[in-house]
file query_26.pdb (PDB, C-alpha atoms and all ligand atoms)
ATOM      1  CA  GLY A1441      -5.008-108.577  28.919  1.00  0.00           C
ATOM      2  CA  GLN A1442      -6.248-108.155  25.390  1.00  0.00           C
ATOM      3  CA  ASN A1443      -2.708-108.395  24.052  1.00  0.00           C
ATOM      4  CA  ASN A1444      -2.302-111.924  25.319  1.00  0.00           C
ATOM      5  CA  LEU A1445      -3.869-114.871  23.638  1.00  0.00           C
ATOM      6  CA  ASN A1446      -3.779-118.601  24.341  1.00  0.00           C
ATOM      7  CA  ALA A1447      -4.099-120.671  21.199  1.00  0.00           C
ATOM      8  CA  LYS A1448      -4.533-124.409  20.970  1.00  0.00           C
ATOM      9  CA  LEU A1449      -2.563-125.744  18.009  1.00  0.00           C
ATOM     10  CA  VAL A1450      -2.530-129.316  16.703  1.00  0.00           C
ATOM     11  CA  LEU A1451      -0.025-131.039  14.422  1.00  0.00           C
ATOM     12  CA  LEU A1452      -1.366-133.753  12.155  1.00  0.00           C
ATOM     13  CA  GLY A1453       0.258-135.836   9.456  1.00  0.00           C
ATOM     14  CA  ASP A1454       1.693-139.173   8.486  1.00  0.00           C
ATOM     15  CA  MET A1455       4.019-141.037  10.799  1.00  0.00           C
ATOM     16  CA  GLY A1456       7.593-140.007  10.201  1.00  0.00           C
ATOM     17  CA  ALA A1457       6.685-136.735   8.452  1.00  0.00           C
ATOM     18  CA  GLY A1458       8.467-134.793  11.181  1.00  0.00           C
ATOM     19  CA  LYS A1459       5.719-133.381  13.423  1.00  0.00           C
ATOM     20  CA  SER A1460       7.622-133.963  16.663  1.00  0.00           C
ATOM     21  CA  SER A1461      10.848-132.749  15.095  1.00  0.00           C
ATOM     22  CA  LEU A1462       9.210-129.471  14.020  1.00  0.00           C
ATOM     23  CA  VAL A1463       7.796-128.871  17.505  1.00  0.00           C
ATOM     24  CA  ILE A1464      11.059-129.732  19.237  1.00  0.00           C
ATOM     25  CA  ARG A1465      12.953-127.432  16.859  1.00  0.00           C
ATOM     26  CA  PHE A1466      10.465-124.634  17.617  1.00  0.00           C
ATOM     27  CA  VAL A1467      10.248-125.152  21.392  1.00  0.00           C
ATOM     28  CA  LYS A1468      13.777-126.323  22.254  1.00  0.00           C
ATOM     29  CA  GLY A1469      15.888-125.382  19.237  1.00  0.00           C
ATOM     30  CA  GLN A1470      17.037-128.990  18.938  1.00  0.00           C
ATOM     31  CA  PHE A1471      16.961-131.754  16.321  1.00  0.00           C
ATOM     32  CA  LEU A1472      17.418-135.507  16.752  1.00  0.00           C
ATOM     33  CA  GLU A1473      18.348-137.751  13.814  1.00  0.00           C
ATOM     34  CA  PHE A1474      16.580-140.619  15.622  1.00  0.00           C
ATOM     35  CA  GLN A1475      13.461-138.986  16.962  1.00  0.00           C
ATOM     36  CA  GLU A1476      11.181-141.581  18.526  1.00  0.00           C
ATOM     37  CA  SER A1477       7.748-142.175  17.062  1.00  0.00           C
ATOM     38  CA  THR A1478       5.076-140.508  19.187  1.00  0.00           C
ATOM     39  CA  ILE A1479       2.775-142.660  21.306  1.00  0.00           C
ATOM     40  CA  GLY A1480      -0.715-141.135  21.620  1.00  0.00           C
ATOM     41  CA  ALA A1481       0.217-137.461  21.686  1.00  0.00           C
ATOM     42  CA  ALA A1482       2.653-135.082  23.353  1.00  0.00           C
ATOM     43  CA  PHE A1483       2.022-131.610  24.768  1.00  0.00           C
ATOM     44  CA  PHE A1484       4.280-128.557  24.505  1.00  0.00           C
ATOM     45  CA  SER A1485       3.835-124.853  24.997  1.00  0.00           C
ATOM     46  CA  GLN A1486       5.702-121.892  23.581  1.00  0.00           C
ATOM     47  CA  SER A1487       4.965-118.181  23.309  1.00  0.00           C
ATOM     48  CA  VAL A1488       5.668-115.848  20.423  1.00  0.00           C
ATOM     49  CA  SER A1489       5.321-112.082  20.179  1.00  0.00           C
ATOM     50  CA  VAL A1490       3.692-110.573  17.125  1.00  0.00           C
ATOM     51  CA  ASN A1491       2.298-107.072  16.552  1.00  0.00           C
ATOM     52  CA  ASN A1492       2.483-106.087  20.253  1.00  0.00           C
ATOM     53  CA  ALA A1493       0.685-109.254  21.293  1.00  0.00           C
ATOM     54  CA  THR A1494       1.904-112.421  22.941  1.00  0.00           C
ATOM     55  CA  VAL A1495       0.455-115.649  21.640  1.00  0.00           C
ATOM     56  CA  LYS A1496       0.933-118.630  23.914  1.00  0.00           C
ATOM     57  CA  PHE A1497       0.666-121.778  21.813  1.00  0.00           C
ATOM     58  CA  GLU A1498      -0.631-124.880  23.552  1.00  0.00           C
ATOM     59  CA  ILE A1499       0.651-127.480  21.152  1.00  0.00           C
ATOM     60  CA  TRP A1500      -0.646-131.013  20.694  1.00  0.00           C
ATOM     61  CA  ASP A1501       1.810-133.133  18.748  1.00  0.00           C
ATOM     62  CA  THR A1502      -0.257-136.129  17.641  1.00  0.00           C
ATOM     63  CA  ALA A1503       0.925-139.623  16.697  1.00  0.00           C
ATOM     64  CA  GLY A1504       0.845-140.356  12.975  1.00  0.00           C
ATOM     65  CA  GLN A1505       0.557-144.114  13.258  1.00  0.00           C
ATOM     66  CA  GLU A1506      -2.805-145.232  11.893  1.00  0.00           C
ATOM     67  CA  ARG A1507      -3.804-147.022  15.094  1.00  0.00           C
ATOM     68  CA  TYR A1508      -3.976-143.619  16.832  1.00  0.00           C
ATOM     69  CA  HIS A1509      -6.214-142.017  14.203  1.00  0.00           C
ATOM     70  CA  SER A1510      -9.341-142.286  16.359  1.00  0.00           C
ATOM     71  CA  LEU A1511      -7.711-140.115  19.046  1.00  0.00           C
ATOM     72  CA  ALA A1512      -7.150-137.182  16.704  1.00  0.00           C
ATOM     73  CA  PRO A1513     -10.532-135.455  17.207  1.00  0.00           C
ATOM     74  CA  MET A1514      -9.735-134.991  20.902  1.00  0.00           C
ATOM     75  CA  TYR A1515      -6.755-132.897  19.857  1.00  0.00           C
ATOM     76  CA  TYR A1516      -8.163-130.927  16.924  1.00  0.00           C
ATOM     77  CA  ARG A1517     -11.545-130.229  18.527  1.00  0.00           C
ATOM     78  CA  GLY A1518     -11.525-126.615  19.678  1.00  0.00           C
ATOM     79  CA  ALA A1519      -8.113-125.994  18.156  1.00  0.00           C
ATOM     80  CA  ALA A1520      -7.505-122.475  16.846  1.00  0.00           C
ATOM     81  CA  ALA A1521      -4.819-123.666  14.463  1.00  0.00           C
ATOM     82  CA  ALA A1522      -3.468-126.772  12.782  1.00  0.00           C
ATOM     83  CA  ILE A1523      -0.222-127.593  11.021  1.00  0.00           C
ATOM     84  CA  ILE A1524      -0.637-130.460   8.589  1.00  0.00           C
ATOM     85  CA  VAL A1525       2.774-131.941   7.922  1.00  0.00           C
ATOM     86  CA  TYR A1526       4.020-134.079   5.052  1.00  0.00           C
ATOM     87  CA  ASP A1527       7.484-135.185   3.995  1.00  0.00           C
ATOM     88  CA  ILE A1528       8.579-133.791   0.593  1.00  0.00           C
ATOM     89  CA  THR A1529      10.323-137.110  -0.147  1.00  0.00           C
ATOM     90  CA  SER A1530       7.050-139.085   0.221  1.00  0.00           C
ATOM     91  CA  SER A1531       4.046-138.780  -2.109  1.00  0.00           C
ATOM     92  CA  ASP A1532       2.134-141.052   0.274  1.00  0.00           C
ATOM     93  CA  SER A1533       2.625-138.582   3.090  1.00  0.00           C
ATOM     94  CA  PHE A1534       1.303-135.784   0.857  1.00  0.00           C
ATOM     95  CA  GLY A1535      -1.790-137.919   0.140  1.00  0.00           C
ATOM     96  CA  ARG A1536      -2.203-138.481   3.867  1.00  0.00           C
ATOM     97  CA  ALA A1537      -1.946-134.717   4.487  1.00  0.00           C
ATOM     98  CA  LYS A1538      -4.813-134.118   2.042  1.00  0.00           C
ATOM     99  CA  LYS A1539      -6.940-136.617   3.987  1.00  0.00           C
ATOM    100  CA  TRP A1540      -6.273-134.683   7.193  1.00  0.00           C
ATOM    101  CA  VAL A1541      -7.258-131.441   5.512  1.00  0.00           C
ATOM    102  CA  GLN A1542     -10.529-133.033   4.386  1.00  0.00           C
ATOM    103  CA  GLU A1543     -11.208-134.318   7.884  1.00  0.00           C
ATOM    104  CA  LEU A1544     -10.567-130.872   9.413  1.00  0.00           C
ATOM    105  CA  GLN A1545     -12.770-129.201   6.795  1.00  0.00           C
ATOM    106  CA  LYS A1546     -15.601-131.564   7.773  1.00  0.00           C
ATOM    107  CA  GLN A1547     -15.127-131.874  11.533  1.00  0.00           C
ATOM    108  CA  GLY A1548     -12.830-129.081  12.654  1.00  0.00           C
ATOM    109  CA  ASN A1549     -13.486-125.577  13.909  1.00  0.00           C
ATOM    110  CA  PRO A1550     -14.530-123.608  10.783  1.00  0.00           C
ATOM    111  CA  ASN A1551     -12.349-120.621  11.748  1.00  0.00           C
ATOM    112  CA  MET A1552      -9.262-122.744  12.236  1.00  0.00           C
ATOM    113  CA  VAL A1553      -6.039-121.307  10.821  1.00  0.00           C
ATOM    114  CA  MET A1554      -4.497-124.098   8.782  1.00  0.00           C
ATOM    115  CA  ALA A1555      -0.923-124.373   7.599  1.00  0.00           C
ATOM    116  CA  LEU A1556       0.568-126.982   5.303  1.00  0.00           C
ATOM    117  CA  ALA A1557       4.208-127.823   6.028  1.00  0.00           C
ATOM    118  CA  GLY A1558       6.260-129.638   3.396  1.00  0.00           C
ATOM    119  CA  ASN A1559       8.942-130.851   5.779  1.00  0.00           C
ATOM    120  CA  LYS A1560      12.442-132.272   5.171  1.00  0.00           C
ATOM    121  CA  CYS A1561      13.149-129.658   2.504  1.00  0.00           C
ATOM    122  CA  ASP A1562      16.846-130.253   3.196  1.00  0.00           C
ATOM    123  CA  LEU A1563      16.439-133.554   1.306  1.00  0.00           C
ATOM    124  CA  GLU A1564      16.147-131.910  -2.121  1.00  0.00           C
ATOM    125  CA  ASP A1565      17.815-134.834  -3.931  1.00  0.00           C
ATOM    126  CA  LYS A1566      15.095-137.203  -2.643  1.00  0.00           C
ATOM    127  CA  ARG A1567      12.174-134.893  -3.377  1.00  0.00           C
ATOM    128  CA  ASN A1568       8.950-136.550  -4.605  1.00  0.00           C
ATOM    129  CA  VAL A1569       6.445-133.713  -4.073  1.00  0.00           C
ATOM    130  CA  THR A1570       7.029-130.434  -5.912  1.00  0.00           C
ATOM    131  CA  ALA A1571       6.534-127.149  -4.109  1.00  0.00           C
ATOM    132  CA  GLU A1572       4.356-126.087  -7.025  1.00  0.00           C
ATOM    133  CA  GLU A1573       1.763-128.858  -6.617  1.00  0.00           C
ATOM    134  CA  ALA A1574       1.617-128.318  -2.871  1.00  0.00           C
ATOM    135  CA  ARG A1575       1.209-124.558  -3.289  1.00  0.00           C
ATOM    136  CA  ILE A1576      -1.657-125.034  -5.745  1.00  0.00           C
ATOM    137  CA  TYR A1577      -3.343-127.495  -3.392  1.00  0.00           C
ATOM    138  CA  ALA A1578      -2.899-125.132  -0.439  1.00  0.00           C
ATOM    139  CA  ASP A1579      -4.306-122.147  -2.364  1.00  0.00           C
ATOM    140  CA  GLU A1580      -7.337-124.150  -3.462  1.00  0.00           C
ATOM    141  CA  ASN A1581      -8.032-125.175   0.118  1.00  0.00           C
ATOM    142  CA  GLY A1582      -7.375-121.930   1.974  1.00  0.00           C
ATOM    143  CA  LEU A1583      -4.236-123.099   3.761  1.00  0.00           C
ATOM    144  CA  PHE A1584      -0.969-121.287   3.823  1.00  0.00           C
ATOM    145  CA  PHE A1585       2.027-123.260   2.742  1.00  0.00           C
ATOM    146  CA  LEU A1586       5.708-123.351   3.630  1.00  0.00           C
ATOM    147  CA  GLU A1587       8.420-125.889   3.051  1.00  0.00           C
ATOM    148  CA  THR A1588      10.283-126.489   6.292  1.00  0.00           C
ATOM    149  CA  SER A1589      13.246-128.373   7.659  1.00  0.00           C
ATOM    150  CA  ALA A1590      13.333-129.368  11.304  1.00  0.00           C
ATOM    151  CA  LYS A1591      16.918-130.413  10.648  1.00  0.00           C
ATOM    152  CA  THR A1592      18.254-127.066   9.355  1.00  0.00           C
ATOM    153  CA  ALA A1593      15.504-124.937  11.010  1.00  0.00           C
ATOM    154  CA  VAL A1594      14.429-123.412   7.667  1.00  0.00           C
ATOM    155  CA  ASN A1595      10.961-121.816   8.019  1.00  0.00           C
ATOM    156  CA  VAL A1596      10.219-123.508  11.357  1.00  0.00           C
ATOM    157  CA  ASN A1597       9.788-120.391  13.495  1.00  0.00           C
ATOM    158  CA  ASP A1598       8.231-118.698  10.482  1.00  0.00           C
ATOM    159  CA  ILE A1599       5.326-121.119  10.246  1.00  0.00           C
ATOM    160  CA  PHE A1600       4.396-120.584  13.911  1.00  0.00           C
ATOM    161  CA  TYR A1601       4.771-116.785  13.576  1.00  0.00           C
ATOM    162  CA  GLU A1602       2.644-116.763  10.453  1.00  0.00           C
ATOM    163  CA  ILE A1603      -0.073-118.673  12.318  1.00  0.00           C
ATOM    164  CA  ALA A1604       0.147-116.287  15.275  1.00  0.00           C
ATOM    165  CA  LYS A1605      -0.369-113.339  12.906  1.00  0.00           C
ATOM    166  CA  ARG A1606      -3.406-114.917  11.307  1.00  0.00           C
ATOM    167  CA  LEU A1607      -5.248-115.855  14.508  1.00  0.00           C
ATOM    168  CA  PRO A1608      -8.424-113.846  14.977  1.00  0.00           C
ATOM    169  CA  ARG A1609      -8.041-111.236  17.728  1.00  0.00           C
ATOM    170  CA  ALA A1610     -10.739-110.715  20.313  1.00  0.00           C
TER     171      ALA A1610
HETATM  172  P1  LIG B   1       5.148-139.928  14.430  1.00  0.00           P
HETATM  173  O1  LIG B   1       5.354-139.445  15.821  1.00  0.00           O
HETATM  174  O2  LIG B   1       5.396-141.396  14.270  1.00  0.00           O
HETATM  175  O3  LIG B   1       3.813-139.548  13.866  1.00  0.00           O
HETATM  176  O4  LIG B   1       6.280-139.199  13.479  1.00  0.00           O
HETATM  177  P2  LIG B   1       6.623-137.645  13.396  1.00  0.00           P
HETATM  178  O5  LIG B   1       5.800-137.025  12.324  1.00  0.00           O
HETATM  179  O6  LIG B   1       6.576-137.021  14.732  1.00  0.00           O
HETATM  180  O7  LIG B   1       8.126-137.659  12.836  1.00  0.00           O
HETATM  181  P3  LIG B   1       9.457-137.413  13.684  1.00  0.00           P
HETATM  182  O8  LIG B   1       9.559-135.998  14.111  1.00  0.00           O
HETATM  183  O9  LIG B   1       9.555-138.455  14.723  1.00  0.00           O
HETATM  184  O10 LIG B   1      10.563-137.618  12.555  1.00  0.00           O
HETATM  185  C1  LIG B   1      10.738-138.868  11.872  1.00  0.00           C
HETATM  186  C2  LIG B   1      12.162-138.975  11.387  1.00  0.00           C
HETATM  187  O11 LIG B   1      12.429-137.968  10.392  1.00  0.00           O
HETATM  188  C3  LIG B   1      13.224-138.764  12.478  1.00  0.00           C
HETATM  189  O12 LIG B   1      14.270-139.687  12.285  1.00  0.00           O
HETATM  190  C4  LIG B   1      13.727-137.365  12.260  1.00  0.00           C
HETATM  191  O13 LIG B   1      15.077-137.197  12.618  1.00  0.00           O
HETATM  192  C5  LIG B   1      13.557-137.196  10.740  1.00  0.00           C
HETATM  193  N1  LIG B   1      13.266-135.792  10.364  1.00  0.00           N
HETATM  194  C6  LIG B   1      12.297-135.000  10.877  1.00  0.00           C
HETATM  195  N2  LIG B   1      12.323-133.784  10.304  1.00  0.00           N
HETATM  196  C7  LIG B   1      13.340-133.821   9.408  1.00  0.00           C
HETATM  197  C8  LIG B   1      13.865-132.857   8.488  1.00  0.00           C
HETATM  198  O14 LIG B   1      13.416-131.716   8.363  1.00  0.00           O
HETATM  199  N3  LIG B   1      14.916-133.265   7.700  1.00  0.00           N
HETATM  200  C9  LIG B   1      15.445-134.508   7.788  1.00  0.00           C
HETATM  201  N4  LIG B   1      16.472-134.795   6.976  1.00  0.00           N
HETATM  202  N5  LIG B   1      14.975-135.439   8.643  1.00  0.00           N
HETATM  203  C10 LIG B   1      13.935-135.099   9.441  1.00  0.00           C
HETATM  204 MG    MG B   2       5.990-137.715  16.548  1.00  0.00          MG
END
call {"tool": "encode", "arguments": {"input": "query_26.pdb", "output": "structure tokens"}}
result
Amino acid sequence: GQNNLNAKLVLLGDMGAGKSSLVIRFVKGQFLEFQESTIGAAFFSQSVSVNNATVKFEIWDTAGQERYHSLAPMYYRGAAAAIIVYDITSSDSFGRAKKWVQELQKQGNPNMVMALAGNKCDLEDKRNVTAEEARIYADENGLFFLETSAKTAVNVNDIFYEIAKRLPRA
């Protein structure tokens, strides 16, 4: 019915940023210290209830390794939402996240709901990207921003719920 919505969601970001870990935390409530690097892409689904509606996310967890970059359009094409993930301990991963945002702005669905996740926020002592600079960048580019930790679960469900709330309703 009109209260149910299927939404394709893609995760993009540098290798090792924690895309798979975020999805596995969200879908299975688990975390692995030695999560294997994704080959190609992996598919998951999970439903959330918001405002009397059920949103069923069809989640594509892409591989961050550069050699898989050319596959990414298959996963973000037609996606209703994207989570661009970086690692707060890596400035390079933040730079890579900005490149993904640019690519989505050029080639993605113009109505896509985009979230920026500054992951590994449990590693405060190794931080190299401030929340302030990421928030400014996100505001300038129309993304919403949360720092997350797949390890401690901080803000993980929240980022998916926030996306579900922002999806356009039929
Ligand atoms: P690719 O599949 O290669 O693109 O990487 P990915 O973005 O899926 O990263 P993945 O989830 O495989 O995580 C990489 C490593 O970071 C793993 O060893 C995880 O255990 C670790 N990791 C992921 N999220 C967190 C986090 O929030 N905190 C900490 N401390 N470690 C994390
Ligand atoms: Mg992965």
call {"tool": "atom_distance", "arguments": {"input": "query_26.pdb", "atom1": "atom CA of Ala1574 of chain A", "atom2": "atom CA of Ala1447 of chain A"}}
result
25.9 Å
call {"tool": "resolve_selection", "arguments": {"input": "query_26.pdb", "expression": "the PyMOL selection byres (((chain A and resi 1553) around 7) and not hetatm)", "output": "mmCIF file with C-alpha atoms, keeping the file's coordinate frame"}}
result
data_model
loop_
_atom_site.group_PDB
_atom_site.id
_atom_site.type_symbol
_atom_site.label_atom_id
_atom_site.label_comp_id
_atom_site.auth_asym_id
_atom_site.auth_seq_id
_atom_site.Cartn_x
_atom_site.Cartn_y
_atom_site.Cartn_z
ATOM 1 C CA ALA A 1520 -7.505 -122.475 16.846
ATOM 2 C CA ALA A 1521 -4.819 -123.666 14.463
ATOM 3 C CA ALA A 1522 -3.468 -126.772 12.782
ATOM 4 C CA ASN A 1551 -12.349 -120.621 11.748
ATOM 5 C CA MET A 1552 -9.262 -122.744 12.236
ATOM 6 C CA MET A 1554 -4.497 -124.098 8.782
ATOM 7 C CA ALA A 1555 -0.923 -124.373 7.599
ATOM 8 C CA ILE A 1603 -0.073 -118.673 12.318
ATOM 9 C CA ARG A 1606 -3.406 -114.917 11.307
ATOM 10 C CA LEU A 1607 -5.248 -115.855 14.508
#
call {"tool": "residues_near_ligand", "arguments": {"input": "query_26.pdb", "ligand": "ligand MG 2 (chain B)", "cutoff": "12 Å", "atoms": "only C-alpha atoms and all ligand atoms", "output": "compact mmCIF listing (two decimals) with C-alpha atoms, in the coordinates of the input"}}
result
# COMPACT_ATOMS: atom_id res chain seq x y z
CA VAL A 1450 -2.53 -129.32 16.70
CA LEU A 1451 -0.02 -131.04 14.42
CA LEU A 1452 -1.37 -133.75 12.16
CA GLY A 1453 0.26 -135.84 9.46
CA ASP A 1454 1.69 -139.17 8.49
CA MET A 1455 4.02 -141.04 10.80
CA GLY A 1456 7.59 -140.01 10.20
CA ALA A 1457 6.68 -136.74 8.45
CA GLY A 1458 8.47 -134.79 11.18
CA LYS A 1459 5.72 -133.38 13.42
CA SER A 1460 7.62 -133.96 16.66
CA SER A 1461 10.85 -132.75 15.10
CA LEU A 1462 9.21 -129.47 14.02
CA VAL A 1463 7.80 -128.87 17.50
CA ILE A 1464 11.06 -129.73 19.24
CA LEU A 1472 17.42 -135.51 16.75
CA PHE A 1474 16.58 -140.62 15.62
CA GLN A 1475 13.46 -138.99 16.96
CA GLU A 1476 11.18 -141.58 18.53
CA SER A 1477 7.75 -142.18 17.06
CA THR A 1478 5.08 -140.51 19.19
CA ILE A 1479 2.78 -142.66 21.31
CA GLY A 1480 -0.72 -141.14 21.62
CA ALA A 1481 0.22 -137.46 21.69
CA ALA A 1482 2.65 -135.08 23.35
CA PHE A 1483 2.02 -131.61 24.77
CA TRP A 1500 -0.65 -131.01 20.69
CA ASP A 1501 1.81 -133.13 18.75
CA THR A 1502 -0.26 -136.13 17.64
CA ALA A 1503 0.92 -139.62 16.70
CA GLY A 1504 0.84 -140.36 12.98
CA GLN A 1505 0.56 -144.11 13.26
CA TYR A 1508 -3.98 -143.62 16.83
CA VAL A 1525 2.77 -131.94 7.92
call {"tool": "closest_residue", "arguments": {"input": "query_26.pdb", "among": "A:Val1541, A:Val1594, A:Ala1578, A:Leu1556", "to": "ligand LIG 1 (chain B)", "atoms": "all atoms listed in the file"}}
result
A:Val1594
call {"tool": "resolve_selection", "arguments": {"input": "query_26.pdb", "expression": "the PyMOL selection byres (((chain A and resi 1540) around 10) and not hetatm)", "output": "JSON, numbers by chain"}}
result
{"A": [1452, 1453, 1454, 1512, 1524, 1525, 1534, 1535, 1536, 1537, 1538, 1539, 1541, 1542, 1543, 1544, 1545, 1546]}
call {"tool": "build_atoms", "arguments": {"input": "query_26.pdb", "residues": "segment 1575-1584 of chain A", "atoms": "all heavy atoms", "output": "compact mmCIF listing (two decimals), in the coordinates of the input"}}
result
# COMPACT_ATOMS: atom_id res chain seq x y z
N ARG A 1575 1.70 -125.94 -3.38
CA ARG A 1575 1.21 -124.56 -3.29
C ARG A 1575 -0.17 -124.43 -3.92
O ARG A 1575 -1.07 -123.78 -3.38
CB ARG A 1575 2.19 -123.60 -3.95
CG ARG A 1575 1.78 -122.15 -3.83
CD ARG A 1575 2.89 -121.18 -4.17
NE ARG A 1575 3.99 -121.27 -3.22
CZ ARG A 1575 5.19 -121.78 -3.51
NH1 ARG A 1575 5.46 -122.22 -4.72
NH2 ARG A 1575 6.12 -121.83 -2.59
N ILE A 1576 -0.35 -125.08 -5.06
CA ILE A 1576 -1.66 -125.03 -5.74
C ILE A 1576 -2.72 -125.66 -4.84
O ILE A 1576 -3.80 -125.10 -4.65
CB ILE A 1576 -1.58 -125.75 -7.12
CG1 ILE A 1576 -0.74 -124.91 -8.09
CG2 ILE A 1576 -2.98 -126.02 -7.68
CD1 ILE A 1576 -0.35 -125.62 -9.37
N TYR A 1577 -2.40 -126.82 -4.28
CA TYR A 1577 -3.34 -127.50 -3.39
C TYR A 1577 -3.69 -126.59 -2.20
O TYR A 1577 -4.86 -126.46 -1.82
CB TYR A 1577 -2.76 -128.83 -2.90
CG TYR A 1577 -3.64 -129.47 -1.87
CD1 TYR A 1577 -4.81 -130.16 -2.26
CD2 TYR A 1577 -3.37 -129.33 -0.51
CE1 TYR A 1577 -5.66 -130.69 -1.31
CE2 TYR A 1577 -4.22 -129.86 0.44
CZ TYR A 1577 -5.36 -130.54 0.04
OH TYR A 1577 -6.21 -131.05 0.98
N ALA A 1578 -2.68 -125.98 -1.62
CA ALA A 1578 -2.90 -125.13 -0.44
C ALA A 1578 -3.78 -123.94 -0.80
O ALA A 1578 -4.72 -123.61 -0.06
CB ALA A 1578 -1.55 -124.66 0.11
N ASP A 1579 -3.50 -123.31 -1.93
CA ASP A 1579 -4.31 -122.15 -2.36
C ASP A 1579 -5.76 -122.55 -2.56
O ASP A 1579 -6.67 -121.84 -2.14
CB ASP A 1579 -3.75 -121.56 -3.67
CG ASP A 1579 -2.45 -120.81 -3.45
OD1 ASP A 1579 -2.10 -120.55 -2.27
OD2 ASP A 1579 -1.79 -120.48 -4.44
N GLU A 1580 -5.97 -123.69 -3.19
CA GLU A 1580 -7.34 -124.15 -3.46
C GLU A 1580 -8.10 -124.44 -2.18
O GLU A 1580 -9.33 -124.41 -2.17
CB GLU A 1580 -7.30 -125.44 -4.30
CG GLU A 1580 -6.96 -125.20 -5.75
CD GLU A 1580 -6.73 -126.51 -6.51
OE1 GLU A 1580 -6.74 -127.61 -5.88
OE2 GLU A 1580 -6.53 -126.43 -7.73
N ASN A 1581 -7.37 -124.76 -1.12
CA ASN A 1581 -8.03 -125.18 0.12
C ASN A 1581 -7.90 -124.18 1.26
O ASN A 1581 -8.24 -124.50 2.41
CB ASN A 1581 -7.51 -126.56 0.53
CG ASN A 1581 -8.07 -127.64 -0.37
OD1 ASN A 1581 -9.18 -128.12 -0.15
ND2 ASN A 1581 -7.35 -127.99 -1.43
N GLY A 1582 -7.42 -122.99 0.97
CA GLY A 1582 -7.38 -121.93 1.97
C GLY A 1582 -6.37 -122.16 3.09
O GLY A 1582 -6.56 -121.69 4.21
N LEU A 1583 -5.29 -122.91 2.77
CA LEU A 1583 -4.24 -123.10 3.76
C LEU A 1583 -3.07 -122.21 3.36
O LEU A 1583 -2.94 -121.87 2.19
CB LEU A 1583 -3.72 -124.54 3.73
CG LEU A 1583 -4.71 -125.65 3.97
CD1 LEU A 1583 -4.82 -126.55 2.74
CD2 LEU A 1583 -4.24 -126.50 5.12
N PHE A 1584 -2.22 -121.86 4.29
CA PHE A 1584 -0.97 -121.29 3.82
C PHE A 1584 0.10 -122.35 3.88
O PHE A 1584 0.03 -123.32 4.64
CB PHE A 1584 -0.61 -119.98 4.52
CG PHE A 1584 -0.06 -120.11 5.87
CD1 PHE A 1584 1.30 -120.23 6.07
CD2 PHE A 1584 -0.89 -120.10 6.96
CE1 PHE A 1584 1.83 -120.36 7.33
CE2 PHE A 1584 -0.38 -120.22 8.23
CZ PHE A 1584 0.98 -120.35 8.42
